[in-house]
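Single-structure report; data block below.
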Protein chains: 2
Amino acid sequence: MSVEPIRWQDNELQLLDQRKLPREVIWVRCRDAHEVAAAIRDMVVRGAPAIGVTAAFGIALAAMRGDDLRAAAEELRNARPTAVNLMWAVDRMMECSGRLQPADLLAEAQRMFAEDVEANRRIGRFGAELLGQQVTVLTHCNAGALATAGYGTALGVIRAAAESGKRVAVFADETRPYLQGARLTAWELQQDGIDVTLITDNMAGHFFQQGRFDAVIVGADRIAANGDAANKIGTYTVAVLAKAHGVPFYVAAPISTVDVATPNGAAIPIEERSAAEVTSIGGVAIAPEGVAVRHPAFDVTPAALITAIITDRGVLRPPYDESIGEAIRKALAD
Amino acid sequence: MSVEPIRWQDNELQLLDQRKLPREVIWVRCRDAHEVAAAIRDMVVRGAPAIGVTAAFGIALAAMRGDDLRAAAEELRNARPTAVNLMWAVDRMMECSGRLQPADLLAEAQRMFAEDVEANRRIGRFGAELLGQQVTVLTHCNAGALATAGYGTALGVIRAAAESGKRVAVFADETRPYLQGARLTAWELQQDGIDVTLITDNMAGHFFQQGRFDAVIVGADRIAANGDAANKIGTYTVAVLAKAHGVPFYVAAPISTVDVATPNGAAIPIEERSAAEVTSIGGVAIAPEGVAVRHPAFDVTPAALITAIITDRGVLRPPYDESIGEAIRKALAD
């Protein structure tokens, strides 16, 4: 694979610094769970599946050092509040920790890494079937290889469609304030030679109006039991636009992104991040000093605006409480 | 008034450099029509009413220097394609040029300046009546004092409401790529002590969903005979969101922004600006080299999404072909 944001090397976790891309390709080294939590909090690594796998390695590191696993788990869970994959990955590692040696815990983290890539490939195959032979897809933020252990969820669908011979063009919202679309999605698709056009977030409506898009595909940070999906701020706006223009709106995510303990979107905590990420870009101030700022990092797209949820367990359709419930039951039975 | 972007001083036109705000307050001096056209093209001055008044001074400067008026008019008209006020102002000056001496042409430009401020104060009074005693208004781009000879159109309504004792809070979309909201609207409202909160464009949907907005007020660069309105890129998206959430969407503009020769929005030329304005911010590259970019600078909001058009001739309601026609006939009769 051309792009992998997480690697285990020389007995340490190495993370591709996504704050620096695309200008610099730098690997940040994490030697204990505290450094892993800091990297998640500071967004060296981001994207729900990627931070889940990263946190799993954090628990393995703590075990290998003989550190307090409960404290490590607590710090990792608190690093970011919205993505449920983080909680899920830490819980799975903690469940294993009672019966596994440190080296086997590391093997478990590596298994989760491999499972995530495999899940994304399945998401890709299921999703590609939903697309025509020649399509233009709008995506928001980065639900790509960089947001996962590799291959990507939303961009996994794009990759799978391209690999199957379909002609896919992508429009990438730049995704302010953190610019994941401009910095990460555009770069990642360039690496794979996939046709990508960058637009600012507020241009999407204009191109919907012009009939430019055949589908929207985005990722998710947490999907509630009723199908409401939290994702990067701006996703809800894209979903409203898609509905208004009759364009299918797909969410692509592994089944582990579903949190059946969250009944609906209103119960998903929305992280509020710093004003500085809005008022300056690359260290350059773009707003007057002292201006009030709001910075919700995510928003919730109600199930009613989602055409289908593309998971590694197949394509789920409304009513989601039923289709999600059935997919979860099958996953647990396997 | 606290903020004025255009002044005539020492026999030259001086323009507040809106590319540098809010970090620096610098005046650019224009001594001939060529320099005026360059300032409009390079966005030293922007906003449909402001570039109209600026172009009028450009014709006056050409006359005072004895330059070829037709060539000057041609260059000024071509400086930017979307705003009709530019064409209207140049046409009005050229009509006068046959019978007026240069000093009288300058007086005519100064009259247009004063008329624009007065029109904005009337827009403000009409618009303020549409708002409740305590409201939160979303605005996009900068339709403020900086976009006009002074006082503003959309922000003129805000100012008039505040002056009349209403409690008005404003949310300002930052308005990528040029960041007029972050740089200009936030700064301008701070100067007047009006409550302003800055958000990125893609956050608007989230706050609509939360019921945060009582109204949307934006400006316009050209209004077609049927009420379709061209305005800064992203305005259409805000209008779709307002409709989906049952929030009134108002366009505030002088009647000179209406172009009866443009039957509908499809006939409005949309300026495509440079990729560099999208791929870098303040000189900092935010996207990988060589990425494809689209950059339409405006979009068209169809009349069906506009609750009312607030003009200096009163508040126009649908059906706009009738209400606009009547307002134009009255304006011509006066």
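Residue numbers start at 1 in each chain; chains themselves are named A, B, ... in the order of the structure tokens; ligands are numbered from 1 in the order shown.
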How would chain B read as a tab-separated table (two decimals) with C-alpha atoms, in the first residue's frame once least-squares superposed on chain A using all paired C-alpha atoms?
```
chain	number	residue	atom	x	y	z
B	1	MET	CA	0.01	-0.01	-0.01
B	2	SER	CA	1.25	3.43	-0.81
B	3	VAL	CA	0.20	5.23	2.37
B	4	GLU	CA	0.37	3.84	5.93
B	5	PRO	CA	0.16	6.20	8.90
B	6	ILE	CA	1.10	3.72	11.68
B	7	ARG	CA	4.10	1.36	11.91
B	8	TRP	CA	5.73	-0.75	14.59
B	9	GLN	CA	9.49	-0.65	14.21
B	10	ASP	CA	12.50	-1.01	16.53
B	11	ASN	CA	10.22	-1.84	19.46
B	12	GLU	CA	8.42	1.47	19.25
B	13	LEU	CA	5.30	2.88	17.65
B	14	GLN	CA	5.97	5.28	14.81
B	15	LEU	CA	3.27	7.65	13.59
B	16	LEU	CA	3.33	9.63	10.36
B	17	ASP	CA	2.93	13.24	11.57
B	18	GLN	CA	-0.32	14.29	9.91
B	19	ARG	CA	0.06	17.85	11.18
B	20	LYS	CA	3.05	18.29	8.88
B	21	LEU	CA	1.71	16.65	5.70
B	22	PRO	CA	1.93	17.30	2.80
B	23	ARG	CA	4.89	19.60	3.21
B	24	GLU	CA	6.98	17.27	5.35
B	25	VAL	CA	7.00	13.50	5.85
B	26	ILE	CA	8.07	13.05	9.46
B	27	TRP	CA	7.60	10.06	11.78
B	28	VAL	CA	6.88	10.69	15.46
B	29	ARG	CA	8.22	8.00	17.82
B	30	CYS	CA	6.17	6.84	20.81
B	31	ARG	CA	7.79	4.73	23.49
B	32	ASP	CA	5.07	4.66	26.13
B	33	ALA	CA	1.31	5.06	26.49
B	34	HIS	CA	1.70	8.65	27.63
B	35	GLU	CA	3.43	9.61	24.39
B	36	VAL	CA	0.79	7.70	22.43
B	37	ALA	CA	-2.03	9.59	24.19
B	38	ALA	CA	-0.30	12.91	23.52
B	39	ALA	CA	0.04	12.02	19.81
B	40	ILE	CA	-3.69	11.26	19.63
B	41	ARG	CA	-4.64	14.42	21.53
B	42	ASP	CA	-2.37	16.63	19.43
B	43	MET	CA	-3.60	15.02	16.19
B	44	VAL	CA	-0.26	13.60	15.04
B	45	VAL	CA	-2.61	10.73	14.13
B	46	ARG	CA	-6.34	11.25	13.52
B	47	GLY	CA	-9.27	9.38	12.03
B	48	ALA	CA	-11.41	7.09	14.16
B	49	PRO	CA	-10.01	3.69	13.04
B	50	ALA	CA	-6.42	4.96	13.10
B	51	ILE	CA	-6.62	6.30	16.64
B	52	GLY	CA	-8.22	3.01	17.75
B	53	VAL	CA	-5.30	0.96	16.42
B	54	THR	CA	-2.81	3.52	17.77
B	55	ALA	CA	-4.33	3.28	21.25
B	56	ALA	CA	-4.06	-0.53	21.10
B	57	PHE	CA	-0.32	-0.18	20.59
B	58	GLY	CA	-0.30	2.28	23.50
B	59	ILE	CA	-1.66	-0.45	25.83
B	60	ALA	CA	0.90	-2.91	24.44
B	61	LEU	CA	3.73	-0.42	25.13
B	62	ALA	CA	2.48	0.09	28.70
B	63	ALA	CA	2.42	-3.68	29.26
B	64	MET	CA	5.90	-4.14	27.81
B	65	ARG	CA	7.28	-1.42	30.12
B	66	GLY	CA	5.44	-2.78	33.15
B	67	ASP	CA	3.48	0.49	33.55
B	68	ASP	CA	0.07	0.71	35.22
B	69	LEU	CA	-2.33	-0.54	32.54
B	70	ARG	CA	-5.45	1.02	34.08
B	71	ALA	CA	-3.85	4.46	34.19
B	72	ALA	CA	-2.64	4.06	30.61
B	73	ALA	CA	-6.11	2.98	29.46
B	74	GLU	CA	-7.68	5.94	31.23
B	75	GLU	CA	-5.32	8.44	29.64
B	76	LEU	CA	-5.77	6.93	26.18
B	77	ARG	CA	-9.59	6.89	26.43
B	78	ASN	CA	-9.58	10.56	27.42
B	79	ALA	CA	-7.30	11.66	24.60
B	80	ARG	CA	-10.29	12.41	22.34
B	81	PRO	CA	-13.97	12.07	23.22
B	82	THR	CA	-15.96	11.56	20.01
B	83	ALA	CA	-14.50	8.54	18.18
B	84	VAL	CA	-15.87	5.35	19.67
B	85	ASN	CA	-13.18	3.19	18.03
B	86	LEU	CA	-10.77	4.57	20.61
B	87	MET	CA	-12.90	3.28	23.50
B	88	TRP	CA	-13.54	0.00	21.69
B	89	ALA	CA	-9.85	-0.67	21.00
B	90	VAL	CA	-8.76	0.15	24.56
B	91	ASP	CA	-11.54	-2.05	25.98
B	92	ARG	CA	-10.54	-4.97	23.77
B	93	MET	CA	-6.88	-4.71	24.80
B	94	MET	CA	-7.78	-4.41	28.49
B	95	GLU	CA	-9.98	-7.52	28.27
B	96	CYS	CA	-7.02	-9.48	26.87
B	97	SER	CA	-4.52	-8.03	29.33
B	98	GLY	CA	-5.48	-10.38	32.16
B	99	ARG	CA	-4.56	-13.53	30.24
B	100	LEU	CA	-1.87	-12.36	27.82
B	101	GLN	CA	1.85	-11.70	28.25
B	102	PRO	CA	3.15	-8.31	27.00
B	103	ALA	CA	4.51	-9.85	23.78
B	104	ASP	CA	1.12	-11.41	23.13
B	105	LEU	CA	-0.61	-8.08	23.80
B	106	LEU	CA	1.65	-6.56	21.15
B	107	ALA	CA	0.60	-9.36	18.80
B	108	GLU	CA	-3.02	-8.51	19.59
B	109	ALA	CA	-2.46	-4.85	18.61
B	110	GLN	CA	-0.81	-6.02	15.41
B	111	ARG	CA	-3.80	-8.28	14.78
B	112	MET	CA	-6.12	-5.28	15.20
B	113	PHE	CA	-3.98	-3.38	12.72
B	114	ALA	CA	-4.30	-6.17	10.14
B	115	GLU	CA	-8.02	-6.59	10.84
B	116	ASP	CA	-8.59	-2.90	10.20
B	117	VAL	CA	-6.89	-3.03	6.80
B	118	GLU	CA	-8.87	-6.16	5.92
B	119	ALA	CA	-12.14	-4.51	7.08
B	120	ASN	CA	-11.38	-1.53	4.86
B	121	ARG	CA	-10.80	-3.78	1.86
B	122	ARG	CA	-14.20	-5.37	2.47
B	123	ILE	CA	-15.81	-1.92	2.86
B	124	GLY	CA	-14.16	-1.00	-0.43
B	125	ARG	CA	-15.55	-4.01	-2.27
B	126	PHE	CA	-19.10	-3.53	-0.92
B	127	GLY	CA	-19.03	0.19	-1.60
B	128	ALA	CA	-17.58	-0.01	-5.10
B	129	GLU	CA	-20.66	-1.96	-6.19
B	130	LEU	CA	-22.81	1.10	-5.39
B	131	LEU	CA	-20.95	3.29	-7.89
B	132	GLY	CA	-21.45	3.49	-11.65
B	133	GLN	CA	-18.75	2.97	-14.29
B	134	GLN	CA	-17.93	6.68	-14.47
B	135	VAL	CA	-18.59	8.76	-11.38
B	136	THR	CA	-17.64	11.92	-9.56
B	137	VAL	CA	-17.66	11.54	-5.79
B	138	LEU	CA	-17.56	14.31	-3.19
B	139	THR	CA	-15.78	13.51	0.04
B	140	HIS	CA	-15.24	15.54	3.20
B	141	CYS	CA	-12.27	15.43	5.59
B	142	ASN	CA	-9.97	12.42	5.26
B	143	ALA	CA	-11.46	8.96	5.65
B	144	GLY	CA	-8.50	7.51	3.82
B	145	ALA	CA	-5.52	5.28	4.44
B	146	LEU	CA	-4.27	8.05	6.74
B	147	ALA	CA	-7.39	7.78	8.92
B	148	THR	CA	-7.04	4.00	9.34
B	149	ALA	CA	-4.36	1.33	9.55
B	150	GLY	CA	-4.34	1.54	5.75
B	151	TYR	CA	-6.48	1.61	2.55
B	152	GLY	CA	-9.18	3.80	4.09
B	153	THR	CA	-12.95	3.67	4.54
B	154	ALA	CA	-14.50	6.33	2.24
B	155	LEU	CA	-11.30	6.44	0.20
B	156	GLY	CA	-11.16	2.64	0.38
B	157	VAL	CA	-14.40	2.62	-1.60
B	158	ILE	CA	-12.80	5.02	-4.11
B	159	ARG	CA	-9.69	2.83	-4.33
B	160	ALA	CA	-11.69	-0.37	-4.78
B	161	ALA	CA	-13.79	1.23	-7.52
B	162	ALA	CA	-10.66	2.44	-9.31
B	163	GLU	CA	-9.03	-1.01	-8.92
B	164	SER	CA	-12.11	-2.62	-10.44
B	165	GLY	CA	-11.70	-0.48	-13.56
B	166	LYS	CA	-14.28	2.20	-12.84
B	167	ARG	CA	-13.44	5.79	-13.77
B	168	VAL	CA	-13.64	7.71	-10.50
B	169	ALA	CA	-13.04	11.42	-10.05
B	170	VAL	CA	-13.00	12.84	-6.53
B	171	PHE	CA	-13.83	16.34	-5.28
B	172	ALA	CA	-12.23	16.90	-1.89
B	173	ASP	CA	-13.59	19.55	0.49
B	174	GLU	CA	-10.57	21.24	2.08
B	175	THR	CA	-12.20	20.74	5.53
B	176	ARG	CA	-11.46	23.74	7.68
B	177	PRO	CA	-10.16	24.35	10.20
B	178	TYR	CA	-7.69	21.48	10.18
B	179	LEU	CA	-7.61	21.15	6.37
B	180	GLN	CA	-7.58	17.34	6.31
B	181	GLY	CA	-9.05	17.43	2.81
B	182	ALA	CA	-6.48	19.83	1.37
B	183	ARG	CA	-3.52	18.40	3.22
B	184	LEU	CA	-4.31	14.71	3.52
B	185	THR	CA	-7.01	13.55	1.08
B	186	ALA	CA	-5.58	15.47	-1.88
B	187	TRP	CA	-2.07	14.19	-1.08
B	188	GLU	CA	-3.14	10.60	-0.48
B	189	LEU	CA	-5.12	10.35	-3.72
B	190	GLN	CA	-2.26	11.97	-5.65
B	191	GLN	CA	0.03	9.20	-4.32
B	192	ASP	CA	-2.28	6.62	-5.90
B	193	GLY	CA	-2.80	8.53	-9.15
B	194	ILE	CA	-6.53	9.03	-8.52
B	195	ASP	CA	-8.15	12.11	-10.13
B	196	VAL	CA	-8.74	14.63	-7.33
B	197	THR	CA	-9.97	18.25	-7.39
B	198	LEU	CA	-9.67	20.42	-4.31
B	199	ILE	CA	-12.43	22.87	-3.36
B	200	THR	CA	-13.14	24.97	-0.28
B	201	ASP	CA	-15.98	23.64	1.89
B	202	ASN	CA	-18.34	26.42	0.85
B	203	MET	CA	-18.03	25.56	-2.87
B	204	ALA	CA	-19.72	22.16	-2.51
B	205	GLY	CA	-23.23	23.65	-2.79
B	206	HIS	CA	-22.38	25.34	-6.10
B	207	PHE	CA	-21.19	22.06	-7.64
B	208	PHE	CA	-24.22	20.17	-6.31
B	209	GLN	CA	-26.35	22.84	-8.00
B	210	GLN	CA	-24.46	22.22	-11.24
B	211	GLY	CA	-25.17	18.47	-11.05
B	212	ARG	CA	-21.47	17.66	-10.71
B	213	PHE	CA	-21.72	14.88	-8.09
B	214	ASP	CA	-23.01	11.31	-8.46
B	215	ALA	CA	-22.45	10.38	-4.83
B	216	VAL	CA	-21.08	11.59	-1.51
B	217	ILE	CA	-18.94	9.22	0.57
B	218	VAL	CA	-17.65	10.14	4.02
B	219	GLY	CA	-16.34	8.31	7.07
B	220	ALA	CA	-17.69	8.34	10.62
B	221	ASP	CA	-16.29	8.76	14.11
B	222	ARG	CA	-19.26	7.19	15.86
B	223	ILE	CA	-22.52	5.71	14.59
B	224	ALA	CA	-25.42	5.52	17.04
B	225	ALA	CA	-27.77	2.53	17.28
B	226	ASN	CA	-30.39	4.40	15.21
B	227	GLY	CA	-27.94	5.23	12.39
B	228	ASP	CA	-27.18	8.86	13.32
B	229	ALA	CA	-23.51	9.41	12.49
B	230	ALA	CA	-20.96	11.77	14.00
B	231	ASN	CA	-18.21	12.83	11.63
B	232	LYS	CA	-15.92	15.79	11.00
B	233	ILE	CA	-17.55	19.23	11.25
B	234	GLY	CA	-19.15	20.11	7.93
B	235	THR	CA	-20.41	16.61	7.16
B	236	TYR	CA	-23.96	17.54	8.18
B	237	THR	CA	-23.98	20.47	5.76
B	238	VAL	CA	-22.88	18.17	2.93
B	239	ALA	CA	-25.65	15.72	3.86
B	240	VAL	CA	-28.29	18.48	3.74
B	241	LEU	CA	-26.99	19.53	0.31
B	242	ALA	CA	-27.00	15.94	-0.96
B	243	LYS	CA	-30.61	15.49	0.16
B	244	ALA	CA	-31.69	18.79	-1.44
B	245	HIS	CA	-30.14	17.70	-4.75
B	246	GLY	CA	-31.18	14.02	-4.75
B	247	VAL	CA	-27.58	12.75	-4.55
B	248	PRO	CA	-26.94	9.55	-2.53
B	249	PHE	CA	-25.06	10.14	0.72
B	250	TYR	CA	-23.00	7.17	1.95
B	251	VAL	CA	-21.19	6.69	5.25
B	252	ALA	CA	-18.30	4.19	5.08
B	253	ALA	CA	-17.07	2.76	8.38
B	254	PRO	CA	-16.14	-0.55	10.01
B	255	ILE	CA	-18.86	-2.08	12.16
B	256	SER	CA	-16.65	-1.26	15.20
B	257	THR	CA	-17.62	2.40	14.66
B	258	VAL	CA	-21.18	1.55	15.69
B	259	ASP	CA	-21.82	2.13	19.36
B	260	VAL	CA	-25.01	0.34	20.35
B	261	ALA	CA	-24.74	1.96	23.78
B	262	THR	CA	-25.37	5.33	22.08
B	263	PRO	CA	-29.08	5.37	21.22
B	264	ASN	CA	-28.95	8.39	18.88
B	265	GLY	CA	-26.87	11.34	17.75
B	266	ALA	CA	-27.94	13.59	20.60
B	267	ALA	CA	-26.06	11.27	22.96
B	268	ILE	CA	-22.73	11.60	21.12
B	269	PRO	CA	-20.29	13.99	22.86
B	270	ILE	CA	-19.01	16.65	20.44
B	271	GLU	CA	-15.45	17.73	21.10
B	272	GLU	CA	-14.90	21.51	21.16
B	273	ARG	CA	-11.33	22.29	20.12
B	274	SER	CA	-9.24	25.45	20.47
B	275	ALA	CA	-10.03	28.84	18.94
B	276	ALA	CA	-6.44	29.07	17.70
B	277	GLU	CA	-7.08	26.31	15.14
B	278	VAL	CA	-9.72	28.60	13.60
B	279	THR	CA	-8.01	31.99	13.94
B	280	SER	CA	-4.64	31.01	12.52
B	281	ILE	CA	-3.47	28.80	9.68
B	282	GLY	CA	0.08	27.53	9.57
B	283	GLY	CA	1.03	30.09	12.18
B	284	VAL	CA	-0.49	32.98	10.21
B	285	ALA	CA	-3.24	34.93	12.02
B	286	ILE	CA	-6.34	35.32	9.83
B	287	ALA	CA	-8.72	37.01	12.27
B	288	PRO	CA	-8.58	40.04	14.54
B	289	GLU	CA	-7.24	39.50	18.03
B	290	GLY	CA	-9.76	38.75	20.73
B	291	VAL	CA	-12.62	37.70	18.44
B	292	ALA	CA	-15.02	35.12	19.90
B	293	VAL	CA	-14.81	31.73	18.18
B	294	ARG	CA	-16.75	28.46	18.23
B	295	HIS	CA	-14.99	25.28	17.20
B	296	PRO	CA	-17.04	22.10	17.38
B	297	ALA	CA	-14.79	19.47	15.78
B	298	PHE	CA	-17.66	17.17	14.74
B	299	ASP	CA	-21.33	17.29	13.83
B	300	VAL	CA	-24.07	14.70	13.68
B	301	THR	CA	-25.78	13.65	10.47
B	302	PRO	CA	-29.23	12.23	11.24
B	303	ALA	CA	-30.00	8.77	9.88
B	304	ALA	CA	-32.74	10.24	7.68
B	305	LEU	CA	-30.10	11.91	5.50
B	306	ILE	CA	-27.97	8.76	5.07
B	307	THR	CA	-28.72	6.66	1.99
B	308	ALA	CA	-26.69	3.67	3.21
B	309	ILE	CA	-23.92	2.78	5.67
B	310	ILE	CA	-21.14	0.80	3.99
B	311	THR	CA	-19.54	-1.53	6.54
B	312	ASP	CA	-17.18	-4.50	6.48
B	313	ARG	CA	-20.32	-6.56	7.20
B	314	GLY	CA	-22.13	-5.35	4.11
B	315	VAL	CA	-24.21	-2.36	3.07
B	316	LEU	CA	-26.76	-1.35	5.71
B	317	ARG	CA	-29.98	0.35	4.63
B	318	PRO	CA	-32.78	2.09	6.56
B	319	PRO	CA	-34.41	1.41	8.91
B	320	TYR	CA	-31.00	1.41	10.58
B	321	ASP	CA	-32.10	0.30	14.02
B	322	GLU	CA	-32.96	-3.04	12.36
B	323	SER	CA	-30.08	-3.35	9.88
B	324	ILE	CA	-27.47	-2.23	12.41
B	325	GLY	CA	-28.87	-4.55	15.09
B	326	GLU	CA	-28.72	-7.52	12.72
B	327	ALA	CA	-25.14	-6.73	11.59
B	328	ILE	CA	-23.97	-6.40	15.19
B	329	ARG	CA	-25.62	-9.71	16.19
B	330	LYS	CA	-23.91	-11.48	13.28
B	331	ALA	CA	-20.56	-9.91	14.13
B	332	LEU	CA	-20.83	-11.07	17.75
B	333	ALA	CA	-21.86	-14.56	16.65
B	334	ASP	CA	-18.84	-14.99	14.33
```
Per DSSP on the backbone, filter stretch 155-290 of chain B down to the residues in alpha helix (DSSP H) and report them as a ChimeraX atom specification. /B:155-163,180,186-191,204-209,235-244,276-279
Please dump the current selection as a PDB file, in the first residue's frame; keep C-alpha atoms.
```
ATOM      1  CA  LEU B 155     -24.149  44.747   8.187  1.00  0.00           C
ATOM      2  CA  GLY B 156     -26.067  48.006   7.737  1.00  0.00           C
ATOM      3  CA  VAL B 157     -29.179  46.093   8.794  1.00  0.00           C
ATOM      4  CA  ILE B 158     -27.247  44.770  11.822  1.00  0.00           C
ATOM      5  CA  ARG B 159     -26.030  48.280  12.673  1.00  0.00           C
ATOM      6  CA  ALA B 160     -29.496  49.817  12.321  1.00  0.00           C
ATOM      7  CA  ALA B 161     -31.007  47.113  14.534  1.00  0.00           C
ATOM      8  CA  ALA B 162     -28.322  47.681  17.178  1.00  0.00           C
ATOM      9  CA  GLU B 163     -28.810  51.482  16.946  1.00  0.00           C
ATOM     10  CA  GLN B 180     -13.625  38.182   4.159  1.00  0.00           C
ATOM     11  CA  ALA B 186     -15.207  40.196  12.411  1.00  0.00           C
ATOM     12  CA  TRP B 187     -12.905  43.241  12.457  1.00  0.00           C
ATOM     13  CA  GLU B 188     -15.560  45.695  11.307  1.00  0.00           C
ATOM     14  CA  LEU B 189     -18.122  44.563  13.887  1.00  0.00           C
ATOM     15  CA  GLN B 190     -15.469  44.625  16.620  1.00  0.00           C
ATOM     16  CA  GLN B 191     -14.819  48.299  15.720  1.00  0.00           C
ATOM     17  CA  ALA B 204     -22.956  26.829   9.853  1.00  0.00           C
ATOM     18  CA  GLY B 205     -24.999  23.647   9.330  1.00  0.00           C
ATOM     19  CA  HIS B 206     -24.270  22.441  12.862  1.00  0.00           C
ATOM     20  CA  PHE B 207     -25.520  25.704  14.393  1.00  0.00           C
ATOM     21  CA  PHE B 208     -28.610  25.722  12.170  1.00  0.00           C
ATOM     22  CA  GLN B 209     -29.288  22.202  13.460  1.00  0.00           C
ATOM     23  CA  THR B 235     -23.999  31.835  -0.075  1.00  0.00           C
ATOM     24  CA  TYR B 236     -26.051  29.204  -1.909  1.00  0.00           C
ATOM     25  CA  THR B 237     -25.093  26.556   0.652  1.00  0.00           C
ATOM     26  CA  VAL B 238     -26.220  28.859   3.476  1.00  0.00           C
ATOM     27  CA  ALA B 239     -29.524  29.453   1.659  1.00  0.00           C
ATOM     28  CA  VAL B 240     -30.137  25.696   1.307  1.00  0.00           C
ATOM     29  CA  LEU B 241     -29.424  25.263   5.024  1.00  0.00           C
ATOM     30  CA  ALA B 242     -31.736  28.144   5.955  1.00  0.00           C
ATOM     31  CA  LYS B 243     -34.560  26.631   3.902  1.00  0.00           C
ATOM     32  CA  ALA B 244     -34.027  23.172   5.422  1.00  0.00           C
ATOM     33  CA  ALA B 276      -3.315  29.932  -5.551  1.00  0.00           C
ATOM     34  CA  GLU B 277      -6.006  31.689  -3.481  1.00  0.00           C
ATOM     35  CA  VAL B 278      -7.252  28.209  -2.503  1.00  0.00           C
ATOM     36  CA  THR B 279      -3.955  26.346  -2.115  1.00  0.00           C
TER      37      THR B 279
END
```
DSSP strand (DSSP E or B) residues within stretch 133-282 of chain B, listed as number ranges by chain: B: 134-139, 167-173, 195-199, 215-218, 222-224, 229-232, 249-252, 258-259, 272, 280-281
